[in-house]
Amino acid sequence: MKQAYDVVIVGSGVAGIAAANTLAGHGLEILVLDENPHAGGQILRQHCRVTDGFWEFDPRLERSGRTVSTQKIVQSLRPVRRPKGITCVHQARVLGIFSDRELLVHVPDPLCPGGSGPGCVLEIDAGYLLLATGARERFLPFKGWTLPGVMSLGAAQILMKSSGILPARHTLIAGTSPLQTVLALEILKNKGNVTAILDENPFAKKLGLLPLLKHHGFLAGEGAMQMLGLLIRKVRFRQGVRVVEARGKNELTAVVTADLDRKGNTVPGTFQTYPAEALAVGYGFCPNIELPVQAGCALDYDADRGGWVVRVDHALETSVAAVYVAGEITGIAGAGKSFVEGKLAALSILEKLGKKTGPGRYAQKLVRMQKHQLGYAAFLNQLCQVPASAYETIDDDVLICRCEEISMGEIRKQIAKGFVTTGSLKKATRCGMGRCQGRVCQPVLFDILLALTGQTPDQTASPSFRAPVKNVPMAAFLHP
Amino acid sequence: MDKEKNEVKTRFPLIVVIGGGVIGTSIAWHLAKKAAQVTLIESLDLASGSSGACDGLVFMQSKKPGIHLGLAMESLKRFHLLKKELPVDIEFRQTGGRVIIQTPAQYPAMEKFVREQKDIGLEVCLMDAKQTLAAEPFLSPDIYGSSWSSLDAQVNPINLTLGFALGAKKNHARILTRTKVLGIHTKNNRVTGVATTQGDIPADLVVNAAGAGAGRIGQMVGIDLPIAPRRGQIVVTQATRPMISSCMISAGYIAVKYDPSLAAEQGEGMSMEQTDNGNLLLGSTREFAGFCRENTLSGIRRIISRTTEVLPALKHLQVIRTFAGLRPYTPDGLPILGPVPSLEGFFMAAGHEGDGIALSPITGELMADMVLGQKTAVSLAPFSPDRFISQKGQAHE
């Protein structure tokens, strides 16, 4: 590893791989950093199991039409010999970004001189920086959501994809995320049982959102096919219900739901109890903005794009010169947008560096594709949204910050005292000051603030993050 | 004669305190308790500057014997009352404190320092390595001893600041956060108001408690005081079981504090405390880096190598956060407290550097008394802004 690179790409999911491919072959020194043991990110996790070498997408992928589906992306991924000039480091965690694109990176032991165990922390200078840090799942806390056996939809998927383990013999699936049906099929494929899918979204809401899919008709078809598959397998399916409690002493044994009215408020007296060994629940996604915030990038709040997203110009450059972003952190819209933006950001960087990038028509086509992909963002994020009342009705004894054990009651109390900005509420409650640095509770806390105060996102103010954005062993700093 | 005129004019003075850190909120609370009409202005959120990016040491042993230590000891007394009076749990604990001696050469120097402290009435004693390790078994066996005072304490600086602010609010103070000062209005060499992003706020008296930013506020009215931002970085570990029973600094810390030229050879020393929550706060650096609040790898490394040298078990913990605060540095290491001769009604209350938390209770009390024209319990003459203004040859009585 060197101390400086022409381009550093953080994240080797769909956007990161697409960008690295586009940047290759121009005589640049490129570093790709990823915190996972393999490339691929969330979507291509189980398809990128070989560490030596590199990945690219079949060039026919982008010629195939106006939009790019996840399925096509997965199918067109193929291993290649690592291009000259590209260095990939896995299990490398970018802990922070200082001025002038200086990255603080925790790398595993083999890369540390004479190291054993905790790895070491290095500073790496990026001529151009491309952040493709992806997204994580969003939660709506309910009573008992911290019980063992309650997990996110994504966590249940990772269990199966990475470790070949079922969440439990019988799994209950809930939330608002379209991952619900994907997970159910995955569980059935692995010979597990799905007790029921408890979809919060009533059929009418889904129908109402369909016009947003005008460029993605195939997705509606895909969804219908998935539903059909589940119906054939006789999976119980309920719509318009919300999980209000997970019960159990030391682990999950039952889940309580309530029916929702047309506005998405729970209807009193409609509780139903389901026995359950595992509950997989998810409420969509939020962008991983810790690193762009560290780099000083300006944010915008847009609920239709998943909350706080990084502000970019047409070339995907952020408010900080020479820092580019691609994929979910400019708006949650799935793999297709990540693919297109990874390419676009790479082309922008090549252009800035005075490299020949082929005909301008090509870039224009990508920009058109990017626009189409954004149409899907509104559909996806509106589908996953819950009304403000869902936050207003969280019981006082529900934990919001798991690390610091801060309850909803404490948060309510401090909001009433006037701590109504993201930063001040964090100071007053310690919510988000624990080991996970707010990765889980920070987006929830923000939604609670909006719901309880009626303020605008800008009044509430975007969150700040300090290095290290993820825990790092003390001993890693003791390396020379 | 002048004084009489002032008193008539300021029977119900409108007071504006600039700065929502621990000093500004303490002054606001003390003023509000005296039923003064006070408005506190903060450009961001409460405790968003140095008061929210520091450790919570209330250390007596680190203070220079003399007026500095005297002030700190007065402040310490008031912490016990604050614990009961403020509406927030300030997590004040008199854990006792230890100055760790790491080289044979430091031993005689500390002997002398301890003697001087004892003379002024500080309860402090010297311990050899064996005694020290008996009290703190996790410390490195390589240390040479420590000085110990049961008076030293720690507090949660954020809670302290929020406590002052909420206490002030209860006493009808107005607190405006996210409000930036744009200028100070004056008439006939007298303060008349403060221009802010939320509009003009009329004021008869203005207290500049803007910490490291106090220099900039002063410049708005042509007052040039040598308050410079000095960056202090801190490393936070995960919460863990009790590892140390008292707060600690190294003998090197004391040396550098009073003689910055020693920083190169002695390093900046180290400080450690374990909070009520179980996190260890490890400090610190003392760097002049302008208004940059970023951490640096070299700064984090220095802190970690110095603290793990003293407490090797730290190596097994995780770093969960780092931060940096801008301590308001003054050339003589003492805060600047008092009226400015060139502008009537304008007071300074800044420049505490790393002592702001420890000195906030007494500073708030004395400033409130002074601003309202009452007698102060401790003379503030040694802290007067005059000491810097006269040096610059500006108008001065």
# chains A, B, ... in the order shown; residues from 1 in each chain; ligands from 1
>>> residues_around(residues="B:Gly299", least_positions_apart="5", cutoff="10 Å", atoms="only C-alpha atoms", output="PDB file with N, CA, C and O atoms, in the first residue's frame")
ATOM      1  N   GLY B 232      -7.215  21.074  21.829  1.00  0.00           N
ATOM      2  CA  GLY B 232      -7.004  19.934  22.705  1.00  0.00           C
ATOM      3  C   GLY B 232      -7.780  18.756  22.157  1.00  0.00           C
ATOM      4  O   GLY B 232      -8.990  18.825  21.996  1.00  0.00           O
ATOM      5  N   GLN B 233      -7.083  17.688  21.831  1.00  0.00           N
ATOM      6  CA  GLN B 233      -7.761  16.493  21.323  1.00  0.00           C
ATOM      7  C   GLN B 233      -7.997  15.517  22.460  1.00  0.00           C
ATOM      8  O   GLN B 233      -7.208  15.437  23.392  1.00  0.00           O
ATOM      9  N   ILE B 234      -9.084  14.776  22.351  1.00  0.00           N
ATOM     10  CA  ILE B 234      -9.443  13.783  23.372  1.00  0.00           C
ATOM     11  C   ILE B 234      -9.833  12.480  22.682  1.00  0.00           C
ATOM     12  O   ILE B 234     -10.431  12.504  21.606  1.00  0.00           O
ATOM     13  N   VAL B 235      -9.496  11.374  23.315  1.00  0.00           N
ATOM     14  CA  VAL B 235      -9.849  10.048  22.804  1.00  0.00           C
ATOM     15  C   VAL B 235     -10.803   9.401  23.807  1.00  0.00           C
ATOM     16  O   VAL B 235     -10.557   9.447  25.013  1.00  0.00           O
ATOM     17  N   GLY B 283      -6.687  12.263  27.459  1.00  0.00           N
ATOM     18  CA  GLY B 283      -6.248  13.520  26.850  1.00  0.00           C
ATOM     19  C   GLY B 283      -4.760  13.668  26.988  1.00  0.00           C
ATOM     20  O   GLY B 283      -4.110  12.847  27.589  1.00  0.00           O
ATOM     21  N   SER B 284      -4.333  14.656  26.536  1.00  0.00           N
ATOM     22  CA  SER B 284      -4.891  15.648  25.634  1.00  0.00           C
ATOM     23  C   SER B 284      -3.732  16.245  24.896  1.00  0.00           C
ATOM     24  O   SER B 284      -2.586  15.947  25.193  1.00  0.00           O
ATOM     25  N   THR B 285      -4.028  17.061  23.912  1.00  0.00           N
ATOM     26  CA  THR B 285      -2.949  17.767  23.224  1.00  0.00           C
ATOM     27  C   THR B 285      -3.118  19.256  23.491  1.00  0.00           C
ATOM     28  O   THR B 285      -4.182  19.697  23.922  1.00  0.00           O
ATOM     29  N   ARG B 286      -2.095  20.002  23.265  1.00  0.00           N
ATOM     30  CA  ARG B 286      -2.168  21.466  23.354  1.00  0.00           C
ATOM     31  C   ARG B 286      -1.464  22.020  22.133  1.00  0.00           C
ATOM     32  O   ARG B 286      -0.245  22.111  22.102  1.00  0.00           O
ATOM     33  N   GLU B 287      -2.262  22.357  21.132  1.00  0.00           N
ATOM     34  CA  GLU B 287      -1.672  22.729  19.843  1.00  0.00           C
ATOM     35  C   GLU B 287      -2.262  24.050  19.359  1.00  0.00           C
ATOM     36  O   GLU B 287      -3.451  24.302  19.551  1.00  0.00           O
ATOM     37  N   ILE B 304      -2.699   8.181  22.829  1.00  0.00           N
ATOM     38  CA  ILE B 304      -2.811   6.754  23.117  1.00  0.00           C
ATOM     39  C   ILE B 304      -1.473   6.186  23.596  1.00  0.00           C
ATOM     40  O   ILE B 304      -1.436   5.377  24.525  1.00  0.00           O
ATOM     41  N   ALA B 324     -12.093  17.182  19.375  1.00  0.00           N
ATOM     42  CA  ALA B 324     -11.123  18.222  19.673  1.00  0.00           C
ATOM     43  C   ALA B 324     -11.872  19.492  20.024  1.00  0.00           C
ATOM     44  O   ALA B 324     -12.901  19.799  19.425  1.00  0.00           O
TER      45      ALA B 324
END
>>> interface_residues(of="chain A", to="chain B", cutoff="6 Å", atoms="only C-alpha atoms", output="PDB file with N, CA and C atoms, in the first residue's frame")
ATOM      1  N   SER A 424     -28.226  19.033  19.970  1.00  0.00           N
ATOM      2  CA  SER A 424     -28.527  19.326  21.368  1.00  0.00           C
ATOM      3  C   SER A 424     -29.235  18.153  22.042  1.00  0.00           C
ATOM      4  N   ARG A 435     -21.309   2.856  21.692  1.00  0.00           N
ATOM      5  CA  ARG A 435     -20.354   2.129  20.870  1.00  0.00           C
ATOM      6  C   ARG A 435     -20.666   2.166  19.395  1.00  0.00           C
ATOM      7  N   ALA A 467     -14.569  11.098  13.936  1.00  0.00           N
ATOM      8  CA  ALA A 467     -13.749   9.895  13.743  1.00  0.00           C
ATOM      9  C   ALA A 467     -13.482   9.274  15.119  1.00  0.00           C
ATOM     10  N   PRO A 468     -13.346   7.980  15.231  1.00  0.00           N
ATOM     11  CA  PRO A 468     -13.580   6.971  14.207  1.00  0.00           C
ATOM     12  C   PRO A 468     -15.071   6.693  14.068  1.00  0.00           C
ATOM     13  N   ASN A 471     -15.817   1.616  15.708  1.00  0.00           N
ATOM     14  CA  ASN A 471     -14.845   1.261  16.753  1.00  0.00           C
ATOM     15  C   ASN A 471     -13.539   0.754  16.174  1.00  0.00           C
ATOM     16  N   VAL A 472     -12.460   1.053  16.853  1.00  0.00           N
ATOM     17  CA  VAL A 472     -11.167   0.548  16.402  1.00  0.00           C
ATOM     18  C   VAL A 472     -10.337   0.233  17.647  1.00  0.00           C
ATOM     19  N   PRO A 473      -9.574  -0.858  17.636  1.00  0.00           N
ATOM     20  CA  PRO A 473      -8.806  -1.189  18.840  1.00  0.00           C
ATOM     21  C   PRO A 473      -7.765  -0.104  19.145  1.00  0.00           C
ATOM     22  N   MET A 474      -7.627   0.232  20.417  1.00  0.00           N
ATOM     23  CA  MET A 474      -6.614   1.201  20.853  1.00  0.00           C
ATOM     24  C   MET A 474      -5.242   0.807  20.312  1.00  0.00           C
ATOM     25  N   ALA A 475      -4.967  -0.503  20.401  1.00  0.00           N
ATOM     26  CA  ALA A 475      -3.622  -0.974  20.067  1.00  0.00           C
ATOM     27  C   ALA A 475      -3.268  -0.719  18.603  1.00  0.00           C
ATOM     28  N   PHE A 477      -3.446   1.933  17.101  1.00  0.00           N
ATOM     29  CA  PHE A 477      -2.779   3.229  16.989  1.00  0.00           C
ATOM     30  C   PHE A 477      -1.331   3.177  17.488  1.00  0.00           C
TER      31      PHE A 477
END
>>> residues_around(residues="stretch 196-201 of chain B", least_positions_apart="4", cutoff="7 Å", atoms="only C-alpha atoms", output="PDB file with N, CA and C atoms, in the first residue's frame")
ATOM      1  N   THR B 179     -28.131  31.399  17.232  1.00  0.00           N
ATOM      2  CA  THR B 179     -28.206  32.841  17.024  1.00  0.00           C
ATOM      3  C   THR B 179     -26.782  33.380  16.994  1.00  0.00           C
ATOM      4  N   LYS B 180     -26.416  33.964  15.882  1.00  0.00           N
ATOM      5  CA  LYS B 180     -25.036  34.453  15.748  1.00  0.00           C
ATOM      6  C   LYS B 180     -24.968  35.944  16.045  1.00  0.00           C
ATOM      7  N   VAL B 181     -23.899  36.349  16.690  1.00  0.00           N
ATOM      8  CA  VAL B 181     -23.675  37.768  16.939  1.00  0.00           C
ATOM      9  C   VAL B 181     -23.086  38.382  15.665  1.00  0.00           C
ATOM     10  N   LEU B 182     -23.724  39.471  15.209  1.00  0.00           N
ATOM     11  CA  LEU B 182     -23.232  40.141  13.996  1.00  0.00           C
ATOM     12  C   LEU B 182     -22.444  41.400  14.343  1.00  0.00           C
TER      13      LEU B 182
END
>>> closest_residue(among="B:Met248, B:Val207, B:Ala72, B:Met370", to="B:Gly24", atoms="only C-alpha atoms")
B:Val207
>>> atom_distance(atom1="atom CA of B:Val16", atom2="atom CA of B:Met348")
12.0 Å
>>> residues_around(residues="B:Ile120", least_positions_apart="3", cutoff="7 Å", atoms="only C-alpha atoms", output="MDAnalysis selection string")
chainID B and resid 65 116:117
>>> residues_around(residues="A:His216", least_positions_apart="5", cutoff="10 Å", atoms="only C-alpha atoms", output="ChimeraX atom specification")
/A:66-69,210-211,221-222,372-373,375-376
>>> write_last_selection(atoms="N, CA and C atoms", output="CSV table (one decimal), in the first residue's frame")
chain,number,residue,atom,x,y,z
A,66,ARG,N,-33.2,1.4,-21.0
A,66,ARG,CA,-33.2,2.7,-20.3
A,66,ARG,C,-32.9,2.5,-18.8
A,67,THR,N,-33.3,1.3,-18.3
A,67,THR,CA,-33.1,1.1,-16.8
A,67,THR,C,-32.3,-0.2,-16.7
A,68,VAL,N,-31.7,-0.3,-15.5
A,68,VAL,CA,-30.9,-1.5,-15.2
A,68,VAL,C,-31.5,-2.2,-13.9
A,69,SER,N,-31.8,-3.4,-14.1
A,69,SER,CA,-32.4,-4.1,-12.9
A,69,SER,C,-31.3,-4.8,-12.1
A,210,LEU,N,-48.0,3.1,-7.7
A,210,LEU,CA,-47.6,2.4,-8.9
A,210,LEU,C,-47.2,3.4,-10.0
A,211,PRO,N,-47.9,4.5,-10.2
A,211,PRO,CA,-47.5,5.5,-11.3
A,211,PRO,C,-46.0,5.9,-11.2
A,221,GLY,N,-43.9,-6.0,-12.1
A,221,GLY,CA,-44.1,-7.4,-12.5
A,221,GLY,C,-43.3,-8.4,-11.6
A,222,GLU,N,-42.1,-8.0,-11.4
A,222,GLU,CA,-41.2,-8.8,-10.5
A,222,GLU,C,-41.9,-9.0,-9.1
A,372,HIS,N,-33.9,8.2,-14.9
A,372,HIS,CA,-34.9,7.1,-14.8
A,372,HIS,C,-34.9,6.4,-13.5
A,373,GLN,N,-33.6,6.1,-13.1
A,373,GLN,CA,-33.5,5.3,-11.8
A,373,GLN,C,-34.0,6.1,-10.6
A,375,GLY,N,-36.5,7.9,-10.5
A,375,GLY,CA,-38.0,7.8,-10.4
A,375,GLY,C,-38.4,6.7,-9.5
A,376,TYR,N,-37.5,5.6,-9.5
A,376,TYR,CA,-37.8,4.5,-8.6
A,376,TYR,C,-37.6,4.9,-7.1
>>> atom_distance(atom1="atom CA of A:Ile97", atom2="atom CA of A:Ala295")
5.2 Å
>>> atom_distance(atom1="atom CA of A:Glu290", atom2="atom CA of A:Glu35")
14.2 Å
>>> residues_around(residues="B:Ile227", least_positions_apart="2", cutoff="9 Å", atoms="only C-alpha atoms", output="PyMOL selection string")
chain B and resi 211-215+224-225+229+328-331+336+350-351
>>> residues_around(residues="B:Ala349", least_positions_apart="2", cutoff="10 Å", atoms="only C-alpha atoms", output="JSON, numbers by chain")
{"B": [17, 18, 19, 23, 24, 27, 207, 208, 209, 210, 211, 214, 335, 336, 337, 338, 339, 347, 351, 352, 363, 364, 367, 383, 384, 385]}
>>> write_last_selection(atoms="N, CA, C and O atoms", output="short mmCIF file (atom, residue, chain, number, x, y, z; two decimals), in the first residue's frame")
data_model
loop_
_atom_site.label_atom_id
_atom_site.label_comp_id
_atom_site.auth_asym_id
_atom_site.auth_seq_id
_atom_site.Cartn_x
_atom_site.Cartn_y
_atom_site.Cartn_z
N VAL B 17 -25.42 37.89 27.59
CA VAL B 17 -24.22 37.08 27.72
C VAL B 17 -23.99 36.39 26.38
O VAL B 17 -24.89 35.74 25.85
N ILE B 18 -22.79 36.54 25.84
CA ILE B 18 -22.48 35.91 24.54
C ILE B 18 -21.69 34.63 24.79
O ILE B 18 -20.61 34.67 25.38
N GLY B 19 -22.25 33.51 24.37
CA GLY B 19 -21.55 32.24 24.51
C GLY B 19 -22.33 31.25 25.36
O GLY B 19 -22.58 31.51 26.53
N ILE B 23 -18.89 28.72 30.73
CA ILE B 23 -18.71 30.02 31.38
C ILE B 23 -19.94 30.91 31.17
O ILE B 23 -20.50 31.45 32.12
N GLY B 24 -20.39 30.99 29.93
CA GLY B 24 -21.55 31.83 29.63
C GLY B 24 -22.79 31.38 30.37
O GLY B 24 -23.52 32.19 30.95
N ILE B 27 -22.56 32.18 34.11
CA ILE B 27 -22.82 33.60 34.36
C ILE B 27 -24.31 33.88 34.26
O ILE B 27 -24.91 34.54 35.12
N VAL B 207 -21.67 40.68 28.28
CA VAL B 207 -20.57 39.87 28.78
C VAL B 207 -20.08 38.96 27.65
O VAL B 207 -20.85 38.18 27.10
N ASN B 208 -18.83 39.10 27.32
CA ASN B 208 -18.24 38.30 26.25
C ASN B 208 -17.66 37.02 26.85
O ASN B 208 -16.58 37.02 27.42
N ALA B 209 -18.44 35.92 26.74
CA ALA B 209 -17.99 34.63 27.25
C ALA B 209 -17.91 33.64 26.11
O ALA B 209 -18.37 32.51 26.21
N ALA B 210 -17.34 34.09 25.01
CA ALA B 210 -17.36 33.28 23.78
C ALA B 210 -16.17 32.35 23.67
O ALA B 210 -15.87 31.85 22.59
N GLY B 211 -15.48 32.10 24.79
CA GLY B 211 -14.41 31.12 24.77
C GLY B 211 -13.34 31.45 23.76
O GLY B 211 -12.86 32.59 23.69
N ALA B 214 -13.83 34.50 21.74
CA ALA B 214 -13.99 35.77 22.45
C ALA B 214 -13.14 36.88 21.82
O ALA B 214 -13.51 38.05 21.85
N PRO B 335 -7.43 33.48 33.20
CA PRO B 335 -8.57 34.00 32.45
C PRO B 335 -8.62 35.53 32.48
O PRO B 335 -7.99 36.16 33.32
N ILE B 336 -9.37 36.08 31.55
CA ILE B 336 -9.55 37.53 31.48
C ILE B 336 -10.98 37.82 31.94
O ILE B 336 -11.95 37.48 31.26
N LEU B 337 -11.08 38.42 33.11
CA LEU B 337 -12.39 38.65 33.72
C LEU B 337 -12.51 40.11 34.14
O LEU B 337 -11.72 40.58 34.94
N GLY B 338 -13.48 40.80 33.58
CA GLY B 338 -13.71 42.16 34.04
C GLY B 338 -14.09 43.13 32.96
O GLY B 338 -14.15 42.76 31.78
N PRO B 339 -14.36 44.38 33.34
CA PRO B 339 -14.80 45.38 32.37
C PRO B 339 -13.65 45.83 31.48
O PRO B 339 -12.49 45.75 31.86
N PHE B 347 -18.02 43.61 29.22
CA PHE B 347 -17.20 42.81 30.14
C PHE B 347 -16.62 41.60 29.41
O PHE B 347 -17.25 41.03 28.54
N GLY B 351 -10.96 33.01 28.30
CA GLY B 351 -9.52 32.77 28.41
C GLY B 351 -9.14 31.80 29.51
O GLY B 351 -8.05 31.86 30.05
N HIS B 352 -10.02 30.85 29.80
CA HIS B 352 -9.74 29.89 30.89
C HIS B 352 -8.86 28.73 30.42
O HIS B 352 -8.53 27.85 31.19
N THR B 363 -16.36 31.55 38.45
CA THR B 363 -16.37 32.61 37.43
C THR B 363 -17.77 33.18 37.28
O THR B 363 -17.96 34.41 37.24
N GLY B 364 -18.77 32.29 37.20
CA GLY B 364 -20.14 32.75 37.05
C GLY B 364 -20.58 33.63 38.20
O GLY B 364 -21.18 34.69 38.02
N MET B 367 -18.51 37.02 38.21
CA MET B 367 -18.89 37.89 37.09
C MET B 367 -20.28 38.47 37.31
O MET B 367 -20.52 39.64 37.02
N PHE B 383 -7.19 39.47 37.32
CA PHE B 383 -7.70 38.88 36.07
C PHE B 383 -8.18 39.94 35.09
O PHE B 383 -8.72 39.64 34.04
N SER B 384 -7.99 41.21 35.46
CA SER B 384 -8.54 42.30 34.66
C SER B 384 -7.97 42.33 33.25
O SER B 384 -6.79 42.06 33.03
N PRO B 385 -8.82 42.68 32.27
CA PRO B 385 -8.33 42.83 30.88
C PRO B 385 -7.22 43.88 30.78
O PRO B 385 -6.42 43.84 29.85
#
>>> select_by_dssp(residues="stretch 147-190 of chain B", states="strand (DSSP E or B)", output="MDAnalysis selection string")
chainID B and resid 147:149 153:154 174:176 181:187 190
>>> closest_atom_pairs(of="stretch 10-67 of chain A", to="stretch 101-114 of chain A", cutoff="12 Å", atoms="only C-alpha atoms", output="Markdown table")
| residue | atom | partner | partner_atom | distance |
| --- | --- | --- | --- | --- |
| A:Val10 | CA | A:Leu103 | CA | 10.0 |
| A:Leu31 | CA | A:Leu103 | CA | 11.8 |
| A:Val32 | CA | A:Val105 | CA | 11.9 |
| A:Leu33 | CA | A:Val105 | CA | 8.9 |
| A:Asp34 | CA | A:Val107 | CA | 9.9 |
| A:Glu35 | CA | A:Val107 | CA | 9.0 |
| A:Asn36 | CA | A:Pro108 | CA | 11.2 |
| A:Pro37 | CA | A:Pro108 | CA | 10.4 |
>>> write_last_selection(atoms="N, CA and C atoms", output="PDB file, in the first residue's frame")
ATOM      1  N   VAL A  10     -14.063   4.450  -1.820  1.00  0.00           N
ATOM      2  CA  VAL A  10     -14.455   3.821  -0.558  1.00  0.00           C
ATOM      3  C   VAL A  10     -15.749   3.057  -0.784  1.00  0.00           C
ATOM      4  N   LEU A  31      -7.009   3.148  -5.500  1.00  0.00           N
ATOM      5  CA  LEU A  31      -7.142   2.307  -4.313  1.00  0.00           C
ATOM      6  C   LEU A  31      -8.624   2.096  -4.028  1.00  0.00           C
ATOM      7  N   VAL A  32      -9.021   0.838  -3.874  1.00  0.00           N
ATOM      8  CA  VAL A  32     -10.399   0.530  -3.508  1.00  0.00           C
ATOM      9  C   VAL A  32     -10.391  -0.034  -2.089  1.00  0.00           C
ATOM     10  N   LEU A  33     -11.090   0.642  -1.196  1.00  0.00           N
ATOM     11  CA  LEU A  33     -11.142   0.195   0.205  1.00  0.00           C
ATOM     12  C   LEU A  33     -12.524  -0.345   0.507  1.00  0.00           C
ATOM     13  N   ASP A  34     -12.583  -1.476   1.193  1.00  0.00           N
ATOM     14  CA  ASP A  34     -13.883  -2.014   1.588  1.00  0.00           C
ATOM     15  C   ASP A  34     -13.750  -2.678   2.942  1.00  0.00           C
ATOM     16  N   GLU A  35     -14.779  -2.504   3.776  1.00  0.00           N
ATOM     17  CA  GLU A  35     -14.672  -3.030   5.135  1.00  0.00           C
ATOM     18  C   GLU A  35     -15.027  -4.508   5.235  1.00  0.00           C
ATOM     19  N   ASN A  36     -15.617  -5.046   4.178  1.00  0.00           N
ATOM     20  CA  ASN A  36     -16.000  -6.455   4.210  1.00  0.00           C
ATOM     21  C   ASN A  36     -14.848  -7.342   3.749  1.00  0.00           C
ATOM     22  N   PRO A  37     -14.936  -8.639   4.065  1.00  0.00           N
ATOM     23  CA  PRO A  37     -13.866  -9.550   3.639  1.00  0.00           C
ATOM     24  C   PRO A  37     -13.805  -9.701   2.115  1.00  0.00           C
TER      25      PRO A  37
END
>>> closest_residue(among="A:Ala196, A:Val386, A:Leu122, A:Cys88", to="A:His170", atoms="only C-alpha atoms")
A:Ala196
